[in-house]
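See structure below.
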Number of protein chains: 4
Amino acid sequence: MEYQNILEEIHDALKNVPDKGTVPSYIPELEKISPDRLGLYLLTWNKEEYGTGDFDIPFSIQSISKVLSLAKALNFTGADLWKRVDVEPSGNPFNFLSLLELEKGIPRNPFINAGAIVVSDILLSHLEDPKRDFLNYIRELAEDDSITYNESVARSEKATGFRNAAAANLLKSFGNMNNKVDDVLDFYYYQCSLSMTCKQLARTFYMFTNSGKNATGKTFLTPSQAKRINAIMLTCGFYDEAGEFAFEVGLPGKSGVGGGIVAIHPEKYCMVTWSPGLNEKGNSLLGMKALEMFTTKTGLSIF
Amino acid sequence: MEYQNILEEIHDALKNVPDKGTVPSYIPELEKISPDRLGLYLLTWNKEEYGTGDFDIPFSIQSISKVLSLAKALNFTGADLWKRVDVEPSGNPFNFLSLLELEKGIPRNPFINAGAIVVSDILLSHLEDPKRDFLNYIRELAEDDSITYNESVARSEKATGFRNAAAANLLKSFGNMNNKVDDVLDFYYYQCSLSMTCKQLARTFYMFTNSGKNATGKTFLTPSQAKRINAIMLTCGFYDEAGEFAFEVGLPGKSGVGGGIVAIHPEKYCMVTWSPGLNEKGNSLLGMKALEMFTTKTGLSIF
Amino acid sequence: MEYQNILEEIHDALKNVPDKGTVPSYIPELEKISPDRLGLYLLTWNKEEYGTGDFDIPFSIQSISKVLSLAKALNFTGADLWKRVDVEPSGNPFNFLSLLELEKGIPRNPFINAGAIVVSDILLSHLEDPKRDFLNYIRELAEDDSITYNESVARSEKATGFRNAAAANLLKSFGNMNNKVDDVLDFYYYQCSLSMTCKQLARTFYMFTNSGKNATGKTFLTPSQAKRINAIMLTCGFYDEAGEFAFEVGLPGKSGVGGGIVAIHPEKYCMVTWSPGLNEKGNSLLGMKALEMFTTKTGLSIF
Amino acid sequence: MEYQNILEEIHDALKNVPDKGTVPSYIPELEKISPDRLGLYLLTWNKEEYGTGDFDIPFSIQSISKVLSLAKALNFTGADLWKRVDVEPSGNPFNFLSLLELEKGIPRNPFINAGAIVVSDILLSHLEDPKRDFLNYIRELAEDDSITYNESVARSEKATGFRNAAAANLLKSFGNMNNKVDDVLDFYYYQCSLSMTCKQLARTFYMFTNSGKNATGKTFLTPSQAKRINAIMLTCGFYDEAGEFAFEVGLPGKSGVGGGIVAIHPEKYCMVTWSPGLNEKGNSLLGMKALEMFTTKTGLSIF
């Protein structure tokens with residue numbers, strides 16, 4: 001069966017299910033999005049592109065940005081980054097601050113908030129104009145200069161992000177932050193506020209299917225770095241549901257509370273889904289289902 | 001034996017011991033104090049006063065202020081305060097944020113930092129001019145208008161107080177803070193920076209030996225409130241060493257990292273010690289010993 | 001008002017309240033007891049005795065026995081006991097094994113199960129015939145040879161005591177148990193199964209009001225040991241409600257899931273209550289109320 | 001380069017390194033093994049076989065058996081098994097009992113001890129003669145009737161396995177164990193005591209590279225079950241080093257304290273290493289290095 005047909009079949013099967021999950025209420029800007037949105041986009045290794053539904057509507061990529069800031073930070077620090085952030089799954093959703101405290105300020109991995117905040121701190125130390133330069137990096141990866149931050153999302157998240165502020169202060173207390181708490185959080189929220197479509201995300205993440213080179217063939221990561229980020233996506237990409245996603249879908253991936261999910265099959269394809277309703281673990285309910293259906297129908301999984 | 005002799009005996013026995021504990025280095029203003037300082041002051045229920053050593057030199061009362069802010073807050077809220085702070089020992093020094101997280105933002109008791117920060121939030125909501133009014137409250141309790149804040153201590157602690165900032169943000173994230181995080185922390189550090197002598201502290205805490213009335217006979221707490229604060233001092237007054245203090249000394253009390261300790265024997269006396277070197281649990285090393293010697297020599301304990 | 005009148009007033013006020021708490025269902029033998037039972041007994045320092053209600057009916061003393069086994073173990077080890085058990089409140093009801101694990105097998109205090117199991121291990125190493133000798137010790141304290149174990153309670157608790165078996169094995173894994181796990185648990189359950197009346201308990205605990213001497217004047221503890229056990233009862237006697245009990249009642253005490261509570265006012269009195277219904281923290285609901293009423297009516301508290 | 005050459009190159013590079021890790025002392029039978037042992041064995045999907053060093057010497061497979069007992073249990077329960085065991089990484093090596101307690105007796109995954117004990121309980125409920133039948137299952141998978149349990153290893157581990165006994169009792173207390181604690185532990189230790197060579201293990205695990213069929217083509221798992229067990233090996237196969245192994249090696253795998261490691265590349269190969277010295281996380285030091293070298297040299301990883 002052709003990919004386009006498979007995407008449309010999945011879209012048809014899911015667009016009318018009654019339970020579409022819950023749009024999170026704690027970020028006012030996100031709450032306004034209709035839970036009926038559903039976009040699917042597939043970019044294969046040989047650059048064929050397929051899309052159905054709302055794949056061309058921008059949404060807030062949120063935690064998906066953590067993969068991109070990690071990739072950029074590795075350009076500056078190389079493997080030294082792993083002295084400040086570990087690569088182990090967190091496993092403990094209900095007391096993340098406790099873990100950070102017990103492990104003396106070394107976040108479990110770069111995809112929990114505390115870890116991503118350390119990565120933001122690194123970028124802040126190395127980028128000349130952090131917000132501008134990081135945006136340019138994304139635009140170059142995606143070959144698309146229309147990508148922007150959503151500043152009102154960034155501001156509304158910062159105004160209510162007390163748990164992140166707690167984590168950032170705890171990191172600072174352990175000496176794992178070089179810049180000012182407030183500056184780091186400010187930059188962190190900007191990254192999370194990136195507004196992108198499924199299509200733009202697929203192009204941006206193409207480098208992870210292609211050993212570190214984007215679709216134009218330009219190198220952004222070494223092959224080894226790209227593999228390792230894929231490994232971390234597999235073990236840590238879905239909060240407390242990483243094991244479940246590996247188990248049901250069998251691909252490296254990363255989700256965001258904006259309802260997006262990116263999944264990578266190295267040297268095969270990059271698939272992006274968007275549906276704003278979340279399951280109880282904070283991952284897009286229909287997105288998870290769509291990816292599970294896709295790997296079942298195509299028989300393509302890394303396992 | 002007379003009280004004055006007992007105090008002098010204790011002072012003589014301790015002033016030359018080689019191990020005087022460690023003056024904490026994380027608060028620059030405190031680090032400057034000589035570890036050789038040792039002051040003892042006793043104020044009996046019938047208002048006899050005895051002192052030896054450095055009892056007339058002001059020091060930073062730090063966490064001892066938590067008892068006084070609690071007493072003042074009860075004037076405004078009565079027992080409603082206990083909906084926002086519990087009265088149980090914390091028992092877990094190494095992961096205090098974890099406990100706060102697991103218990104959904106209700107601090108274990110008003111004498112751990114998180115609990116005292118909630119109390120500061122309450123005072124901030126009720127006092128017209130919080131810093132001025134709280135200082136006047138202390139001055140009135142002690143009948144001494146020379147008591148002041150040490151603003152440079154307050155500022156230096158705030159500038160490096162990342163763990164308290166983490167706790168405050170966590171409280172805010174759980175909805176257990178009505179004012180702004182920054183305002184609450186600012187007021188909290190002012191309270192901790194109160195600079196007082198052993199003698200002034202003894203007079204201030206006299207109300208806890210006297211069912212809520214200070215030495216002039218003015219009522220500041222109901223007898224029941226005074227008793228209950230004594231109970232909390234006994235179970236929670238010494239961080240992770242509360243059980244040890246109850247076990248060795250057998251009195252309600254409260255310590256501060258400035259090296260002060262206040263101990264209460266209801267309807268008998270209030271005793272204050274000051275020695276800046278701390279033991280590994282953060283309580284004044286010589287102060288703990290002095291109080292243990294005092295209750296052993298006098299046979300006076302509540303048990 | 002006379003003590004007898006006060007006891008009767010309290011009994012009258014409580015015997016018909018609709019909510020008498022919940023008789024625990026996990027110990028079959030205890031579940032059979034009527035929740036309407038209510039006994040109060042007061043033994044003053046000068047040996048006056050007062051009682052109302054079911055003060056002469058035996059019940060399972062359960063965790064109250066932990067105070068007595070501790071007292072006996074101190075006879076053998078003296079202060080060395082405190083190398084194997086700490087004296088700090090536990091503060092963490094929901095993950096007691098976690099604390100034991102984090103603190104490398106040193107129980108927080110002798111009144112949590114893990115601590116009492118260590119105390120049982122000590123007695124097992126020192127008593128010639130542990131069950132017989134411990135029973136004789138209790139009988140001598142109470143001057144009453146009719147006291148016995150309830151063996152069917154001991155057996156039924158052992159058969160279902162998987163959490164205690166988990167704690168005991170964890171202690172063994174940390175090297176804090178000298179005898180066999182099974183032998184220690186067997187003896188531990190026997191101690192808990194002691195069947196005693198309010199009156200017998202008051203006589204047994206008289207030594208804690210009387211500096212270590214029982215009513216016949218025979219010495220069972222040094223004055224210092226008696227004081228210290230009182231201190232531990234105050235800080236640790238009521239599981240996660242120790243702070244609450246100190247706050248509301250203001251006396252050292254110890255409760256058991258059989259519905260009994262013993263409270264001590266040094267050199268004043270020993271009061272025992274029994275009512276089988278428990279509150280959500282596992283302490284006798286009416287017993288807690290009776291003691292609160294008693295200290296309020298008499299104005300007698302240690303604070 | 002040919003596989004045989006690669007294996008020999010790795011063997012040569014590692015056999016004389018000075019730091020070979022530490023042979024664990026807590027299992028007397030294992031302590032006797034020489035740390036100089038090093039065996040490598042590769043079985044490709046198309047059934048080519050390559051080996052160097054001590055690949056034909058039997059060793060105690062220990063936790064590697066957890067994968068095999070899980071595979072067998074799925075035959076009986078299908079997906080119902082996942083109601084009693086989760087599939088998430090544990091992430092928390094220092095307080096595994098705490099996690100089990102907080103998560104109410106549902107082990108994080110089938111490869112931590114608590115999870116494997118639940119799997120043993122399932123097998124005990126379904127196998128007619130558990131020890132005999134499980135051994136026959138392994139022999140059939142490997143096509144090798146010479147495989148046996150090492151009963152003295154089983155007995156010595158059971159005699160000192162107090163932490164496992166703690167976990168088992170905790171599981172029982174939460175109702176997640178149907179058989180007797182002692183019977184389950186007895187069977188669990190037998191499984192762990194299986195004595196196998198690298199070559200035998202490679203043949204036994206061939207089914208995970210081959211969608212559930214062993215080398216004779218007989219089906220032991222559905223393709224979906226095989227994939228999912230691979231996913232769990234990747235996220236949970238190396239205790240607290242699962243992320244590190246995914247990151248450095250990039251394959252599903254499972255290690256045991258006997259020094260063995262099995263790694264799976266679906267539809268490519270199964271590789272087994274054995275070297276008894278462990279790193280600080282409890283995984284074979286040289287085995288980890290050998291696998292890292294192998295995937296680097298061959299460029300074969302799932303990412």
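The chains in the structure tokens are called A, B, ... from first to last as shown; in each chain the residues are counted from 1, and the ligands are counted from 1 in the order shown.
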
List as an NGL selection string the protein and nucleic acid residues near Ile10 of chain A, meaning an atom at most 12 Å away when only C-alpha atoms are counted, but skip any in the same chain fewer than 5 places from it. :A and (3-5 or 15-17 or 38-41 or 51-53 or 273 or 286-298)

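Those residues that approach Gly105 of chain C to within 10 Å, counting only C-alpha atoms, are C:Arg84, C:Val85, C:Leu97, C:Leu99, C:Ala114, C:Gly115, C:Val118, C:Ala167, C:Ala168, C:Leu170, C:Leu171, C:Lys172, C:Ser173, C:Phe174, C:Gly175, C:Asn176, C:Met177; same-chain residues fewer than 6 positions away are not listed.
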
Writer output for current selection, N, CA and C atoms, as a PDB file, in the first residue's frame:
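Saved to out.pdb:
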ATOM      1  N   ARG C  84      22.053   1.245  66.665  1.00  0.00           N
ATOM      2  CA  ARG C  84      21.288   0.419  65.724  1.00  0.00           C
ATOM      3  C   ARG C  84      19.914   0.991  65.411  1.00  0.00           C
ATOM      4  N   VAL C  85      19.470   1.939  66.219  1.00  0.00           N
ATOM      5  CA  VAL C  85      18.166   2.582  66.000  1.00  0.00           C
ATOM      6  C   VAL C  85      18.332   4.054  66.317  1.00  0.00           C
ATOM      7  N   LEU C  97       9.518   1.934  53.959  1.00  0.00           N
ATOM      8  CA  LEU C  97      10.621   1.100  53.497  1.00  0.00           C
ATOM      9  C   LEU C  97      11.658   1.936  52.759  1.00  0.00           C
ATOM     10  N   LEU C  99      12.496   5.017  53.383  1.00  0.00           N
ATOM     11  CA  LEU C  99      13.354   5.689  54.362  1.00  0.00           C
ATOM     12  C   LEU C  99      14.383   4.722  54.916  1.00  0.00           C
ATOM     13  N   ALA C 114      10.023  -1.203  61.947  1.00  0.00           N
ATOM     14  CA  ALA C 114      11.395  -1.633  61.687  1.00  0.00           C
ATOM     15  C   ALA C 114      12.266  -1.456  62.929  1.00  0.00           C
ATOM     16  N   GLY C 115      12.063  -0.358  63.646  1.00  0.00           N
ATOM     17  CA  GLY C 115      12.841  -0.122  64.858  1.00  0.00           C
ATOM     18  C   GLY C 115      12.516  -1.139  65.940  1.00  0.00           C
ATOM     19  N   VAL C 118      14.205  -4.411  65.298  1.00  0.00           N
ATOM     20  CA  VAL C 118      15.596  -4.420  65.764  1.00  0.00           C
ATOM     21  C   VAL C 118      15.652  -4.639  67.279  1.00  0.00           C
ATOM     22  N   ALA C 167      10.305  -5.482  55.765  1.00  0.00           N
ATOM     23  CA  ALA C 167      11.181  -4.629  56.580  1.00  0.00           C
ATOM     24  C   ALA C 167      12.262  -5.463  57.256  1.00  0.00           C
ATOM     25  N   ALA C 168      11.889  -6.607  57.799  1.00  0.00           N
ATOM     26  CA  ALA C 168      12.857  -7.443  58.507  1.00  0.00           C
ATOM     27  C   ALA C 168      13.941  -7.932  57.549  1.00  0.00           C
ATOM     28  N   LEU C 170      14.894  -6.468  54.844  1.00  0.00           N
ATOM     29  CA  LEU C 170      15.714  -5.317  54.486  1.00  0.00           C
ATOM     30  C   LEU C 170      16.727  -5.015  55.598  1.00  0.00           C
ATOM     31  N   LEU C 171      16.266  -5.066  56.852  1.00  0.00           N
ATOM     32  CA  LEU C 171      17.187  -4.886  57.975  1.00  0.00           C
ATOM     33  C   LEU C 171      18.306  -5.929  57.926  1.00  0.00           C
ATOM     34  N   LYS C 172      17.927  -7.170  57.673  1.00  0.00           N
ATOM     35  CA  LYS C 172      18.909  -8.255  57.594  1.00  0.00           C
ATOM     36  C   LYS C 172      19.911  -7.975  56.467  1.00  0.00           C
ATOM     37  N   SER C 173      19.397  -7.462  55.329  1.00  0.00           N
ATOM     38  CA  SER C 173      20.299  -7.205  54.195  1.00  0.00           C
ATOM     39  C   SER C 173      21.313  -6.109  54.529  1.00  0.00           C
ATOM     40  N   PHE C 174      20.943  -5.219  55.442  1.00  0.00           N
ATOM     41  CA  PHE C 174      21.866  -4.150  55.835  1.00  0.00           C
ATOM     42  C   PHE C 174      22.718  -4.550  57.047  1.00  0.00           C
ATOM     43  N   GLY C 175      22.588  -5.793  57.485  1.00  0.00           N
ATOM     44  CA  GLY C 175      23.406  -6.245  58.603  1.00  0.00           C
ATOM     45  C   GLY C 175      22.913  -5.778  59.960  1.00  0.00           C
ATOM     46  N   ASN C 176      21.692  -5.267  60.031  1.00  0.00           N
ATOM     47  CA  ASN C 176      21.171  -4.789  61.312  1.00  0.00           C
ATOM     48  C   ASN C 176      20.234  -5.818  61.957  1.00  0.00           C
ATOM     49  N   MET C 177      20.582  -7.088  61.848  1.00  0.00           N
ATOM     50  CA  MET C 177      19.822  -8.160  62.506  1.00  0.00           C
ATOM     51  C   MET C 177      20.764  -9.333  62.721  1.00  0.00           C
TER      52      MET C 177
END

Taking the chain letters and numbering used in this document, name the residues of segment 37-270 of chain B that DSSP puts in alpha helix (DSSP H), as a PyMOL selection string. chain B and resi 65-77+96-102+113-126+130-142+151-160+162-173+181-192+198-209+223-236+242-248

Residues of chain B within 6 Å of chain A, counting only C-alpha atoms - could you list those as a PDB file with N, CA, C and O atoms, in the first residue's frame?
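Written out: selection_17.pdb:
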ATOM      1  N   SER B  98      11.549  17.061  47.941  1.00  0.00           N
ATOM      2  CA  SER B  98      10.803  15.852  47.616  1.00  0.00           C
ATOM      3  C   SER B  98       9.560  15.720  48.483  1.00  0.00           C
ATOM      4  O   SER B  98       8.459  15.459  48.008  1.00  0.00           O
ATOM      5  N   PHE B 162      19.182  29.982  46.541  1.00  0.00           N
ATOM      6  CA  PHE B 162      18.494  29.326  45.423  1.00  0.00           C
ATOM      7  C   PHE B 162      17.589  28.181  45.869  1.00  0.00           C
ATOM      8  O   PHE B 162      16.566  27.919  45.265  1.00  0.00           O
ATOM      9  N   ARG B 163      17.984  27.511  46.935  1.00  0.00           N
ATOM     10  CA  ARG B 163      17.117  26.414  47.400  1.00  0.00           C
ATOM     11  C   ARG B 163      15.818  26.952  47.986  1.00  0.00           C
ATOM     12  O   ARG B 163      14.752  26.376  47.791  1.00  0.00           O
ATOM     13  N   ALA B 166      13.741  27.787  45.142  1.00  0.00           N
ATOM     14  CA  ALA B 166      13.132  26.572  44.595  1.00  0.00           C
ATOM     15  C   ALA B 166      11.897  26.191  45.413  1.00  0.00           C
ATOM     16  O   ALA B 166      10.824  25.915  44.861  1.00  0.00           O
ATOM     17  N   ASN B 169       8.995  28.691  44.811  1.00  0.00           N
ATOM     18  CA  ASN B 169       8.333  28.473  43.520  1.00  0.00           C
ATOM     19  C   ASN B 169       7.485  27.207  43.535  1.00  0.00           C
ATOM     20  O   ASN B 169       6.413  27.160  42.927  1.00  0.00           O
ATOM     21  N   LEU B 170       7.953  26.197  44.231  1.00  0.00           N
ATOM     22  CA  LEU B 170       7.174  24.960  44.327  1.00  0.00           C
ATOM     23  C   LEU B 170       5.882  25.217  45.111  1.00  0.00           C
ATOM     24  O   LEU B 170       4.796  24.769  44.720  1.00  0.00           O
ATOM     25  N   SER B 173       3.578  26.940  42.878  1.00  0.00           N
ATOM     26  CA  SER B 173       3.009  26.047  41.856  1.00  0.00           C
ATOM     27  C   SER B 173       1.858  25.225  42.425  1.00  0.00           C
ATOM     28  O   SER B 173       0.968  24.807  41.694  1.00  0.00           O
TER      29      SER B 173
END

Distance of atom CA of Phe187 of chain C from atom CA of Val184 of chain D, expressed in Å to one decimal place: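 One can read the atom CA of Val184 of chain D to atom CA of Phe187 of chain C distance as 25.0 Å.
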
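Listed by chain and then by rising number, the residues of segment 258-294 of chain D that DSSP assigns to strand (DSSP E) from the backbone are Gly260, Ile261, Val262, Ala263, Ile264, His265, Tyr269, Cys270, Met271, Val272, Thr273 and Trp274 of chain D.
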
Hey, can you check how far atom CA of Ile122 of chain A sits from atom CA of Val87 of chain A?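 Between atom CA of Ile122 of chain A and atom CA of Val87 of chain A the gap is 16.6 Å.
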
Show which residues sit within 10 Å of Glu2 of chain C, as an NGL selection string. Count only C-alpha atoms, and ignore same-chain residues fewer than 4 positions away. :C and (6-7 or 50 or 298)

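Distances from D:Tyr188, D:Gly78, D:Ile117, D:Asn214 to Pro130 of chain D were compared using only C-alpha atoms, and the smallest one belongs to D:Tyr188.
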
Check the smallest atom-to-atom distance from each of B:Gln225, B:Asn46, B:Ser195, B:Ser146 to Lys72 of chain B using only C-alpha atoms, then report the winner.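 Closest residue, counting only C-alpha atoms: B:Gln225.
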
Please, what distance in Å, to one decimal, runs between atom CA of Ser301 of chain C and atom CA of Phe247 of chain B?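 Between these atoms lies a distance of 18.2 Å.
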
From the list B:Tyr239, B:Lys218, B:Ala231, B:Leu135, which residue is nearest Ser65 of chain B when using only C-alpha atoms?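 Smallest separation from Ser65 of chain B among the options: B:Leu135.
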
Contact residues around segment 152-155 of chain A with only C-alpha atoms at 6 Å, ignoring same-chain residues under 3 positions, as a list of chain:residue names: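 Neighbouring residues, sequence-local ones excluded: A:Glu29, A:Lys158, A:Tyr189, A:Tyr190, A:Ser193.
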
Would you save the residues of that selection, restricted to N, CA and C atoms, as an mmCIF file, in the first residue's frame?
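The result, written out as result-v8.cif:
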data_model
loop_
_atom_site.group_PDB
_atom_site.id
_atom_site.type_symbol
_atom_site.label_atom_id
_atom_site.label_comp_id
_atom_site.auth_asym_id
_atom_site.auth_seq_id
_atom_site.Cartn_x
_atom_site.Cartn_y
_atom_site.Cartn_z
ATOM 1 N N GLU A 29 -2.622 30.042 26.166
ATOM 2 C CA GLU A 29 -2.546 30.137 24.712
ATOM 3 C C GLU A 29 -2.843 28.790 24.044
ATOM 4 N N LYS A 158 6.009 31.566 30.970
ATOM 5 C CA LYS A 158 6.960 32.023 31.978
ATOM 6 C C LYS A 158 6.237 32.550 33.222
ATOM 7 N N TYR A 189 11.889 29.348 27.640
ATOM 8 C CA TYR A 189 10.487 29.468 27.214
ATOM 9 C C TYR A 189 10.367 29.920 25.758
ATOM 10 N N TYR A 190 11.328 30.701 25.307
ATOM 11 C CA TYR A 190 11.305 31.076 23.886
ATOM 12 C C TYR A 190 11.468 29.854 22.998
ATOM 13 N N SER A 193 8.423 27.902 22.667
ATOM 14 C CA SER A 193 7.296 28.597 22.022
ATOM 15 C C SER A 193 7.390 28.570 20.500
#
